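Asks: Hey, dropping model26.txt in here, compact mmCIF, C-alpha atoms and all ligand atoms:
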```
# COMPACT_ATOMS: atom_id res chain seq x y z
CA MET A 1 -7.12 -23.03 -22.42
CA SER A 2 -4.04 -20.81 -22.78
CA ASN A 3 -0.62 -22.39 -22.20
CA VAL A 4 0.97 -19.06 -21.21
CA ASP A 5 2.76 -19.32 -17.85
CA PRO A 6 0.29 -17.74 -15.34
CA ALA A 7 3.18 -16.45 -13.19
CA LEU A 8 4.42 -14.12 -15.97
CA PRO A 9 3.30 -10.48 -15.66
CA ARG A 10 0.63 -9.37 -18.16
CA HIS A 11 -0.70 -5.92 -18.90
CA ASP A 12 -3.67 -6.92 -21.06
CA TRP A 13 -6.04 -8.08 -18.32
CA MET A 14 -9.74 -7.70 -19.10
CA LEU A 15 -12.02 -6.57 -16.28
CA GLU A 16 -14.12 -9.72 -16.80
CA GLU A 17 -11.03 -11.91 -16.25
CA VAL A 18 -10.29 -10.16 -12.97
CA GLU A 19 -13.91 -10.59 -11.88
CA ALA A 20 -13.72 -14.28 -12.81
CA LEU A 21 -10.74 -14.69 -10.47
CA PHE A 22 -12.79 -13.19 -7.61
CA ASP A 23 -15.56 -15.69 -8.41
CA LEU A 24 -13.32 -18.78 -8.14
CA PRO A 25 -13.93 -21.19 -5.26
CA PHE A 26 -11.96 -19.76 -2.31
CA THR A 27 -9.57 -22.70 -1.99
CA GLU A 28 -8.82 -22.71 -5.72
CA LEU A 29 -8.18 -18.94 -5.75
CA VAL A 30 -5.82 -19.08 -2.76
CA PHE A 31 -4.00 -22.10 -4.20
CA GLN A 32 -3.43 -20.31 -7.52
CA ALA A 33 -2.25 -17.16 -5.73
CA ALA A 34 0.08 -19.08 -3.40
CA SER A 35 1.55 -20.99 -6.35
CA ILE A 36 2.32 -17.76 -8.20
CA HIS A 37 3.65 -16.13 -5.02
CA ARG A 38 6.36 -18.73 -4.53
CA ARG A 39 7.52 -18.43 -8.14
CA TRP A 40 8.75 -14.88 -7.43
CA PHE A 41 9.06 -14.65 -3.65
CA ASN A 42 10.23 -16.62 -0.69
CA PRO A 43 6.86 -17.28 1.02
CA THR A 44 8.46 -17.29 4.48
CA GLU A 45 9.74 -13.71 4.16
CA ILE A 46 7.96 -10.45 4.95
CA GLN A 47 9.05 -6.91 4.02
CA ILE A 48 8.68 -4.56 7.01
CA SER A 49 7.74 -0.87 6.68
CA ARG A 50 7.07 1.82 9.25
CA LEU A 51 4.90 4.90 8.74
CA LEU A 52 5.26 8.39 10.14
CA SER A 53 2.93 11.31 9.55
CA ILE A 54 5.36 14.18 8.96
CA LYS A 55 2.56 16.70 8.34
CA THR A 56 -0.78 15.88 9.88
CA GLY A 57 -4.32 17.11 9.19
CA GLY A 58 -5.81 20.20 7.57
CA CYS A 59 -5.81 18.62 4.09
CA PRO A 60 -7.83 20.45 1.43
CA GLU A 61 -8.84 17.19 -0.30
CA ASN A 62 -12.11 15.47 0.68
CA CYS A 63 -11.26 11.75 0.55
CA GLY A 64 -14.28 10.23 2.31
CA TYR A 65 -12.22 7.75 4.34
CA CYS A 66 -9.61 10.14 5.69
CA SER A 67 -9.19 11.48 9.22
CA GLN A 68 -6.99 14.30 7.91
CA SER A 69 -9.33 16.11 5.55
CA GLN A 70 -10.26 19.61 6.71
CA SER A 71 -13.75 18.90 5.33
CA PHE A 72 -14.60 16.55 8.23
CA LYS A 73 -14.67 16.91 12.02
CA THR A 74 -12.58 13.98 13.19
CA GLY A 75 -10.66 15.44 16.10
CA VAL A 76 -7.31 15.20 14.27
CA ALA A 77 -5.50 18.49 14.84
CA ALA A 78 -3.59 20.08 11.96
CA SER A 79 0.15 20.49 12.45
CA LYS A 80 3.08 21.88 10.49
CA LEU A 81 5.72 19.89 8.63
CA MET A 82 7.93 18.21 11.26
CA ASP A 83 11.53 19.27 11.86
CA VAL A 84 14.17 17.13 10.21
CA ASP A 85 15.74 16.10 13.53
CA ALA A 86 12.42 14.93 14.96
CA VAL A 87 11.79 12.82 11.84
CA LEU A 88 15.25 11.28 12.04
CA ALA A 89 14.74 10.41 15.71
CA GLU A 90 11.55 8.53 14.73
CA ALA A 91 13.36 6.83 11.86
CA ALA A 92 16.13 5.63 14.18
CA GLN A 93 13.50 4.19 16.51
CA ALA A 94 11.74 2.51 13.59
CA ARG A 95 15.00 0.89 12.55
CA ALA A 96 15.63 -0.32 16.07
CA GLY A 97 12.13 -1.86 15.97
CA GLY A 98 13.00 -3.87 12.86
CA ALA A 99 11.71 -1.62 10.07
CA GLN A 100 13.43 -1.90 6.70
CA ARG A 101 11.64 0.99 4.98
CA PHE A 102 10.54 4.31 6.47
CA CYS A 103 7.46 5.85 4.87
CA MET A 104 6.79 9.54 5.48
CA GLY A 105 3.25 10.80 4.83
CA ALA A 106 1.99 14.36 4.51
CA ALA A 107 -1.64 15.50 4.41
CA TRP A 108 -1.16 17.64 1.36
CA ARG A 109 -3.02 17.93 -1.92
CA GLU A 110 0.29 18.50 -3.67
CA VAL A 111 3.93 19.22 -2.91
CA LYS A 112 5.04 22.87 -2.78
CA ASP A 113 8.53 23.66 -4.10
CA ARG A 114 9.33 25.62 -0.92
CA ASP A 115 9.20 22.38 1.11
CA LEU A 116 11.63 20.45 -1.11
CA PRO A 117 14.82 21.37 0.82
CA GLN A 118 13.33 20.12 4.11
CA LEU A 119 12.00 16.94 2.48
CA SER A 120 15.39 16.35 0.85
CA ALA A 121 17.17 16.67 4.20
CA MET A 122 14.79 14.07 5.67
CA LEU A 123 15.50 11.68 2.81
CA LYS A 124 19.28 12.06 3.13
CA GLY A 125 19.10 11.49 6.87
CA VAL A 126 16.82 8.45 6.67
CA LYS A 127 19.01 6.87 4.01
CA ALA A 128 22.09 7.49 6.15
CA LEU A 129 20.44 5.37 8.87
CA GLY A 130 20.43 2.45 6.44
CA LEU A 131 16.68 2.49 5.78
CA GLU A 132 14.87 2.47 2.46
CA THR A 133 12.86 5.66 1.96
CA CYS A 134 9.24 6.15 0.94
CA MET A 135 7.12 9.29 0.83
CA THR A 136 3.44 9.96 0.20
CA LEU A 137 2.81 13.68 -0.22
CA GLY A 138 -0.06 13.99 -2.71
CA MET A 139 0.36 15.16 -6.28
CA LEU A 140 3.85 15.59 -7.64
CA GLU A 141 5.17 17.44 -10.72
CA PRO A 142 7.88 15.76 -12.83
CA ASN A 143 10.63 18.21 -11.70
CA GLN A 144 9.67 17.67 -8.05
CA ALA A 145 9.85 13.89 -8.51
CA GLN A 146 13.33 14.31 -10.01
CA SER A 147 14.57 16.37 -7.10
CA LEU A 148 13.21 13.90 -4.50
CA LYS A 149 14.85 11.06 -6.42
CA THR A 150 18.17 12.90 -6.35
CA ALA A 151 17.82 13.38 -2.58
CA GLY A 152 17.42 9.61 -2.08
CA LEU A 153 13.73 8.75 -2.47
CA ASP A 154 13.35 5.02 -3.18
CA TYR A 155 9.52 4.67 -3.23
CA TYR A 156 6.58 7.03 -3.69
CA ASN A 157 3.16 5.95 -2.45
CA HIS A 158 0.18 7.22 -4.42
CA ASN A 159 -2.88 4.98 -4.35
CA LEU A 160 -5.65 4.64 -6.93
CA ASP A 161 -7.77 3.85 -3.86
CA THR A 162 -10.74 2.15 -5.60
CA GLY A 163 -12.13 1.26 -9.00
CA PRO A 164 -12.58 4.11 -11.52
CA ASP A 165 -16.40 3.99 -11.35
CA TYR A 166 -16.61 4.20 -7.56
CA TYR A 167 -13.86 6.82 -7.23
CA LYS A 168 -16.19 9.84 -7.62
CA THR A 169 -18.32 8.56 -4.74
CA VAL A 170 -15.31 8.65 -2.44
CA VAL A 171 -13.50 11.86 -3.44
CA SER A 172 -14.53 14.82 -5.57
CA THR A 173 -11.57 17.22 -5.22
CA ARG A 174 -9.37 15.33 -7.71
CA THR A 175 -9.78 12.78 -10.49
CA TYR A 176 -8.49 9.31 -11.29
CA GLN A 177 -6.56 10.93 -14.13
CA ASP A 178 -4.76 13.24 -11.63
CA ARG A 179 -3.60 10.15 -9.74
CA LEU A 180 -2.37 8.48 -12.94
CA GLU A 181 -0.39 11.58 -13.92
CA THR A 182 1.49 11.69 -10.63
CA LEU A 183 2.28 7.99 -11.00
CA THR A 184 3.74 8.72 -14.44
CA ALA A 185 5.94 11.49 -12.99
CA VAL A 186 7.14 9.09 -10.28
CA ARG A 187 7.96 6.29 -12.75
CA ASP A 188 9.65 8.68 -15.19
CA ALA A 189 11.92 9.95 -12.39
CA GLY A 190 13.08 6.36 -11.76
CA ILE A 191 11.39 6.14 -8.34
CA SER A 192 9.78 2.81 -7.43
CA THR A 193 6.00 2.99 -7.25
CA CYS A 194 3.86 2.05 -4.27
CA CYS A 195 0.27 2.02 -5.45
CA GLY A 196 -2.81 0.18 -4.26
CA GLY A 197 -6.11 1.00 -2.64
CA ILE A 198 -8.71 0.57 0.07
CA VAL A 199 -11.51 -1.97 0.34
CA GLY A 200 -14.45 -1.97 2.72
CA MET A 201 -15.72 1.44 1.60
CA GLY A 202 -19.13 0.11 0.51
CA GLU A 203 -17.88 -0.72 -2.99
CA THR A 204 -19.05 -3.77 -4.95
CA ARG A 205 -16.90 -6.75 -5.89
CA ARG A 206 -16.86 -5.31 -9.41
CA ASP A 207 -15.32 -2.10 -8.01
CA ARG A 208 -12.65 -4.13 -6.22
CA ALA A 209 -11.97 -5.93 -9.50
CA GLY A 210 -11.92 -2.49 -11.18
CA LEU A 211 -9.19 -1.30 -8.81
CA LEU A 212 -7.05 -4.39 -9.41
CA HIS A 213 -7.71 -4.18 -13.15
CA ALA A 214 -6.56 -0.54 -13.17
CA LEU A 215 -3.37 -1.52 -11.30
CA ALA A 216 -2.69 -4.51 -13.55
CA THR A 217 -3.05 -2.45 -16.74
CA LEU A 218 -0.72 0.40 -15.67
CA PRO A 219 2.30 0.81 -17.98
CA ALA A 220 4.34 -0.86 -15.19
CA HIS A 221 2.87 -2.85 -12.32
CA PRO A 222 3.42 -1.19 -8.93
CA ASP A 223 6.63 -2.30 -7.21
CA SER A 224 4.72 -2.24 -3.94
CA LEU A 225 0.96 -2.82 -3.86
CA PRO A 226 -0.77 -1.94 -0.56
CA ILE A 227 -4.26 -3.27 0.10
CA ASN A 228 -5.84 -1.33 2.94
CA ASP A 229 -8.96 -2.50 4.77
CA LEU A 230 -10.85 0.67 5.67
CA VAL A 231 -10.15 1.89 9.19
CA PRO A 232 -13.48 3.60 9.87
CA VAL A 233 -12.90 7.05 11.33
CA ALA A 234 -15.78 8.75 13.17
CA GLY A 235 -16.73 12.03 11.53
CA THR A 236 -15.75 10.97 7.99
CA PRO A 237 -18.46 10.11 5.44
CA LEU A 238 -17.26 6.48 5.50
CA GLY A 239 -16.96 6.26 9.29
CA GLY A 240 -20.08 4.11 9.56
CA SER A 241 -19.24 1.68 6.74
CA ALA A 242 -20.11 -1.98 7.29
CA ALA A 243 -17.01 -4.14 7.69
CA LEU A 244 -15.94 -6.15 4.64
CA ASP A 245 -16.24 -9.94 5.00
CA PRO A 246 -12.73 -11.11 6.04
CA LEU A 247 -12.75 -13.83 3.36
CA GLU A 248 -13.52 -11.21 0.71
CA PHE A 249 -10.48 -9.26 1.93
CA VAL A 250 -8.33 -12.39 1.52
CA ARG A 251 -9.77 -12.85 -1.98
CA THR A 252 -8.70 -9.29 -2.82
CA ILE A 253 -5.14 -10.03 -1.71
CA ALA A 254 -5.13 -13.26 -3.74
CA VAL A 255 -6.40 -11.59 -6.91
CA ALA A 256 -3.86 -8.76 -6.50
CA ARG A 257 -1.12 -11.40 -6.23
CA ILE A 258 -2.29 -13.13 -9.43
CA VAL A 259 -2.78 -10.04 -11.63
CA CYS A 260 0.44 -8.31 -10.51
CA PRO A 261 2.62 -11.37 -9.87
CA LYS A 262 5.89 -9.55 -9.22
CA SER A 263 4.53 -6.70 -7.06
CA VAL A 264 5.13 -6.89 -3.32
CA VAL A 265 1.55 -7.01 -2.02
CA ARG A 266 1.20 -5.30 1.35
CA LEU A 267 -1.37 -6.23 3.97
CA ALA A 268 -1.64 -2.56 4.92
CA ALA A 269 -4.18 -0.70 7.11
CA GLY A 270 -6.86 -2.54 9.06
CA ARG A 271 -4.84 -5.26 10.80
CA THR A 272 -6.02 -4.22 14.27
CA HIS A 273 -9.49 -5.52 13.45
CA MET A 274 -8.26 -8.70 11.70
CA SER A 275 -7.78 -12.04 13.44
CA ARG A 276 -4.39 -13.74 13.36
CA GLU A 277 -6.02 -16.41 11.19
CA GLN A 278 -7.19 -13.84 8.63
CA GLN A 279 -3.70 -12.37 8.46
CA ALA A 280 -2.20 -15.86 8.06
CA LEU A 281 -4.55 -16.48 5.12
CA CYS A 282 -3.41 -13.18 3.59
CA PHE A 283 0.24 -14.28 3.83
CA LEU A 284 -0.70 -17.63 2.28
CA ALA A 285 -2.54 -15.81 -0.52
CA GLY A 286 0.55 -13.75 -1.37
CA ALA A 287 0.85 -10.78 0.98
CA GLY A 288 4.57 -10.21 1.55
CA SER A 289 4.71 -6.96 3.45
CA ILE A 290 3.23 -5.18 6.50
CA PHE A 291 3.44 -1.91 8.38
CA VAL A 292 4.76 -2.33 11.92
CA GLY A 293 4.70 -0.18 15.04
CA GLY A 294 1.65 0.75 17.07
CA LYS A 295 0.54 3.52 14.72
CA LEU A 296 -0.12 4.01 11.02
CA LEU A 297 -0.50 7.74 10.20
CA THR A 298 -3.26 8.77 12.61
CA THR A 299 -4.86 5.42 13.48
CA ALA A 300 -3.77 2.34 15.40
CA ASN A 301 -1.71 -0.58 14.14
CA PRO A 302 -0.82 -3.78 16.05
CA ASP A 303 1.93 -3.47 18.68
CA LEU A 304 5.43 -4.66 17.79
CA ASP A 305 5.17 -7.45 20.39
CA ASP A 306 1.95 -8.86 18.94
CA ASP A 307 3.44 -8.82 15.45
CA ALA A 308 6.65 -10.46 16.64
CA ARG A 309 4.55 -13.26 18.16
CA LEU A 310 2.47 -13.64 15.00
CA MET A 311 5.58 -13.81 12.80
CA ALA A 312 7.20 -16.34 15.13
CA ASP A 313 4.07 -18.50 15.30
CA LEU A 314 3.82 -18.49 11.50
CA GLY A 315 7.56 -19.03 10.96
CA LEU A 316 7.88 -15.79 9.01
CA ARG A 317 11.07 -13.68 8.98
CA PRO A 318 11.93 -10.20 7.69
CA VAL A 319 13.13 -10.18 4.09
CA GLY A 320 16.87 -10.75 3.87
CA GLU A 321 17.33 -12.37 7.27
CA SER A 322 18.79 -15.84 7.07
CA ASN A 323 16.23 -18.45 7.90
CA THR A 324 16.51 -22.19 7.70
CA ALA A 325 12.94 -22.64 6.50
CA ALA A 326 13.46 -19.97 3.86
CA GLU A 327 16.64 -21.62 2.66
CA GLN A 328 14.79 -24.90 2.36
CA VAL A 329 12.08 -23.30 0.23
CA ALA A 330 14.64 -21.52 -1.96
CA ALA A 331 16.69 -24.70 -2.47
N1 LIG B 1 -2.17 12.83 1.08
C1 LIG B 1 -1.52 11.79 0.37
C2 LIG B 1 -2.42 11.06 -0.59
O1 LIG B 1 -3.61 11.00 -0.40
O2 LIG B 1 -1.90 10.49 -1.54
C3 LIG B 1 -0.83 10.81 1.25
C4 LIG B 1 -1.42 10.31 2.54
S1 LIG B 1 -2.87 9.32 2.42
C5 LIG B 1 -3.36 9.21 4.08
C6 LIG B 1 -2.26 7.72 1.92
C7 LIG B 1 -3.26 6.61 1.71
O3 LIG B 1 -3.69 6.09 2.95
C8 LIG B 1 -4.55 6.91 0.99
O4 LIG B 1 -4.40 6.94 -0.38
C9 LIG B 1 -5.43 5.75 1.41
O5 LIG B 1 -5.33 4.68 0.49
C10 LIG B 1 -4.86 5.33 2.76
N2 LIG B 1 -5.81 5.65 3.85
C11 LIG B 1 -6.09 6.87 4.34
N3 LIG B 1 -7.01 6.80 5.30
C12 LIG B 1 -7.35 5.50 5.44
C13 LIG B 1 -8.26 4.78 6.27
N4 LIG B 1 -9.04 5.40 7.15
N5 LIG B 1 -8.33 3.44 6.15
C14 LIG B 1 -7.54 2.80 5.25
N6 LIG B 1 -6.68 3.42 4.43
C15 LIG B 1 -6.58 4.75 4.52
C1 LIG B 2 -1.09 3.00 2.26
O1 LIG B 2 -1.57 2.43 1.27
N1 LIG B 2 -1.54 2.88 3.50
C2 LIG B 2 -0.81 3.74 4.38
C3 LIG B 2 0.28 4.34 3.47
N2 LIG B 2 -0.08 3.85 2.19
C4 LIG B 2 0.52 5.78 3.47
C5 LIG B 2 -1.65 4.71 5.11
C6 LIG B 2 -2.72 4.05 5.94
C7 LIG B 2 -3.42 5.13 6.68
C8 LIG B 2 -4.47 4.61 7.58
C9 LIG B 2 -5.22 5.70 8.24
C10 LIG B 2 -4.44 6.56 9.19
O2 LIG B 2 -3.65 6.05 10.00
O3 LIG B 2 -4.66 7.79 9.17
FE1 LIG B 3 -5.60 14.49 2.11
FE2 LIG B 3 -4.38 12.19 1.50
FE3 LIG B 3 -6.27 12.30 3.42
FE4 LIG B 3 -6.98 12.57 0.89
S1 LIG B 3 -6.05 10.73 1.81
S2 LIG B 3 -7.68 13.84 2.59
S3 LIG B 3 -5.22 13.67 0.05
S4 LIG B 3 -4.29 13.27 3.45
```
Now, as a test, write the supplied structure out as structure tokens.

Replies:
Amino acid sequence: MSNVDPALPRHDWMLEEVEALFDLPFTELVFQAASIHRRWFNPTEIQISRLLSIKTGGCPENCGYCSQSQSFKTGVAASKLMDVDAVLAEAAQARAGGAQRFCMGAAWREVKDRDLPQLSAMLKGVKALGLETCMTLGMLEPNQAQSLKTAGLDYYNHNLDTGPDYYKTVVSTRTYQDRLETLTAVRDAGISTCCGGIVGMGETRRDRAGLLHALATLPAHPDSLPINDLVPVAGTPLGGSAALDPLEFVRTIAVARIVCPKSVVRLAAGRTHMSREQQALCFLAGAGSIFVGGKLLTTANPDLDDDARLMADLGLRPVGESNTAAEQVAA
């Protein structure tokens, strides 16, 4: 039995250790995760992000889960990159709705240099509204990462999506290594990383452990770690996937919390098909962030009102807002 503090970040996780966490009795796993969570975070606080698709559809990649790939007939129409003013109007609305971070997504394989001035103007404007900025635009070269950083980019989202063995089953137009290289460019530019994946794509528990193992053995753990439950989209290869057992989803959150103890784990896509009780278990197991607003990129997300009620019923507050319960925990 090791006497190393289990709440300290490690980068030498073995896949078998991660699998062993998944195999723990549920109550023991959630207890361990919750214990680690409160060592680094106030368990009554939730970070709030809002998504906007700034360039929708027509993507040349073939990610089997995605509504926006031009390879599948999903009914999502392709559109051009949005005007800066239209993006800023959405950002202002997001802020009024309680968002702390504004995440702009584009259905691109990679960023083109010609779009950098427009992206930079969006970043400057969103920052001026007092929001944190996040973008997810596909692959990024080191010089492009630098210029987005200079324009005010706080976070870049680029997911590993699943375990390395299952990856080829889900997407064939790029490799795991491509994803890792963009993450290196992001880190080297001094941008915070947002990197996680999707479960419920027909993968095995070993694949889920493989994803979390890959994240936990990155040179730096992600600052933000989104766990998405597949939103099945008709017309995509994964549109008919069987739903993942809700308790297995909670286990995935708990293991993510344990192997990357200082990352902010986000309960990301899929909340519209989760019960309030499942979401509460996710918060107990260490999720400390959600997307709010009725829409993700192209699919539905719970309404602001429903989320406000859930947060109130659970006694959760946005990060940074004073809160008697939070002060008691911190004391
Ligand atoms: N094109 C960029 C890329 O792939 O990196 C950015 C946008 S992409 C939509 C961002 C992430 O959303 C994906 O990596 C995936 O993890 C998640 N995602 C996409 N479609 C999803 C779905 N139907 N259900 C759950 N998560 C999904
Ligand atoms: C992430 O991990 N999940 C978000 C964000 N990063 C970009 C995207 C979820 C997309 C869900 C499907 C859709 O709305 O198109
Ligand atoms: Fe394109 Fe991103 Fe969708 Fe893949 S997940 S098809 S890269 S928009």

Asks: Taking all atoms listed in the file into account, which residues are within 6 Å of ligand LIG 2 (chain B), as a list of chain:residue names?

Replies: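 The residues near ligand LIG 2 (chain B) are A:Ser67, A:Gly105, A:Pro226, A:Asn228, A:Ala268, A:Ala269, A:Leu296, A:Leu297, A:Thr298, A:Thr299.
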
Asks: If you measure from CA of Arg276 in chain A to CA of Ser241 in chain A, what distance in Å do you get, rounded to one decimal?

Replies: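 Interatomic distance, CA of Arg276 in chain A to CA of Ser241 in chain A: 22.4 Å.
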
Asks: Can you tell me, as JSON, numbers by chain, what residues are no more than 9 Å from Val231 in chain A when counting all atoms listed in the file, ignoring any on the same chain fewer than 4 positions away?

Replies: {"A": [65, 66, 200, 239, 269, 270, 272, 273, 299, 300]}

Asks: Kindly export the residues of the current selection with C-alpha atoms, as a tab-separated table (two decimals), in the coordinates of the input.

Replies:
```tsv
chain	number	residue	atom	x	y	z
A	65	TYR	CA	-12.22	7.75	4.34
A	66	CYS	CA	-9.61	10.14	5.69
A	200	GLY	CA	-14.45	-1.97	2.72
A	239	GLY	CA	-16.96	6.26	9.29
A	269	ALA	CA	-4.18	-0.70	7.11
A	270	GLY	CA	-6.86	-2.54	9.06
A	272	THR	CA	-6.02	-4.22	14.27
A	273	HIS	CA	-9.49	-5.52	13.45
A	299	THR	CA	-4.86	5.42	13.48
A	300	ALA	CA	-3.77	2.34	15.40
```

Asks: Could you name the residues that touch Glu61 in chain A at 12 Å or less, counting only C-alpha atoms, but leaving out those on the same chain fewer than 3 positions away, as a PyMOL selection string?

Replies: chain A and resi 57-58+64-72+107-110+138-139+170-175

Asks: From the list A:Leu238, A:Ile198, A:Ala308, A:Ile36, which residue is nearest Asp5 in chain A when using only C-alpha atoms?

Replies: A:Ile36

Asks: Which of these residues is nearest to Thr136 in chain A, using only C-alpha atoms: A:Cys194, A:Ala94, A:Leu244, A:Ile290?

Replies: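 Answer, going by the shortest atom-to-atom distance: A:Cys194.
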
Asks: Name the residues in contact with Phe41 in chain A at a cut-off of 12 Å, using all atoms listed in the file, excluding same-chain residues fewer than 4 positions from it; report them as a list of chain:residue names.

Replies: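 The filter keeps A:Ala7, A:Ala33, A:Ala34, A:Ser35, A:Ile36, A:His37, A:Glu45, A:Ile46, A:Gln47, A:Arg257, A:Pro261, A:Lys262, A:Ser263, A:Val264, A:Val265, A:Phe283, A:Leu284, A:Gly286, A:Ala287, A:Gly288, A:Ser289, A:Val319, A:Gly320, A:Ala326, A:Val329, A:Ala330.
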
Asks: Can you tell me which residues surround Asn143 in chain A at a distance of at most 10 Å, considering all atoms listed in the file, apart from same-chain residues fewer than 6 positions away, and format the answer as a PyMOL selection string?

Replies: chain A and resi 113+149+185-186+189

Asks: How would the residues just chosen look if you wrote them out with C-alpha atoms as a tab-separated table (two decimals), keeping the file's coordinate frame?

Replies:
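Writing done, so here's out_38.tsv:
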```tsv
chain	number	residue	atom	x	y	z
A	113	ASP	CA	8.53	23.66	-4.10
A	149	LYS	CA	14.85	11.06	-6.42
A	185	ALA	CA	5.94	11.49	-12.99
A	186	VAL	CA	7.14	9.09	-10.28
A	189	ALA	CA	11.92	9.95	-12.39
```

Asks: Step by step: start from the point (10.4, 21.9, 1.2) in the file's coordinates, keep every protein, DNA or RNA residue that has an atom no farther than 12 Å from it, count only C-alpha atoms, and write the set as a count of residues only.

Replies: 26

Asks: Might you pull out every residue within 7 Å of range 292-295 of chain A, with all atoms listed in the file counted and same-chain residues fewer than 3 positions away left off, and present them as a list in words?

Replies: Ile48, Ser49, Arg50, Thr298, Thr299, Ala300, Asn301, Pro302, Asp303 and Leu304 of chain A

Asks: Which value, in Å to one decimal, gives the distance between CA of Gly196 in chain A and atom C2 of ligand LIG 1 (chain B)?

Replies: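 That distance, rounded to one decimal, is 11.5 Å.
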
Asks: So what do you get for CA of Gly202 in chain A versus atom N6 of ligand LIG 1 (chain B), distance-wise?

Replies: 13.5 Å

Asks: Please determine, counting only C-alpha atoms, which residue among A:Asn3, A:Thr204, A:Thr27, A:Asn157 has the shortest atom-to-atom distance to Leu281 in chain A.

Replies: A:Thr27

Asks: Using all atoms listed in the file, find the one residue out of A:Pro232, A:Gly125, A:Pro60, A:Pro6 that sits nearest to ligand LIG 3 (chain B).

Replies: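 Closest to ligand LIG 3 (chain B), using all atoms listed in the file: A:Pro60.
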
Asks: I'd like to know which of A:Arg187, A:Leu24, A:Asp178, A:Arg251 is closest to ligand LIG 3 (chain B), using all atoms listed in the file.

Replies: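 The closest residue to ligand LIG 3 (chain B) is A:Asp178.
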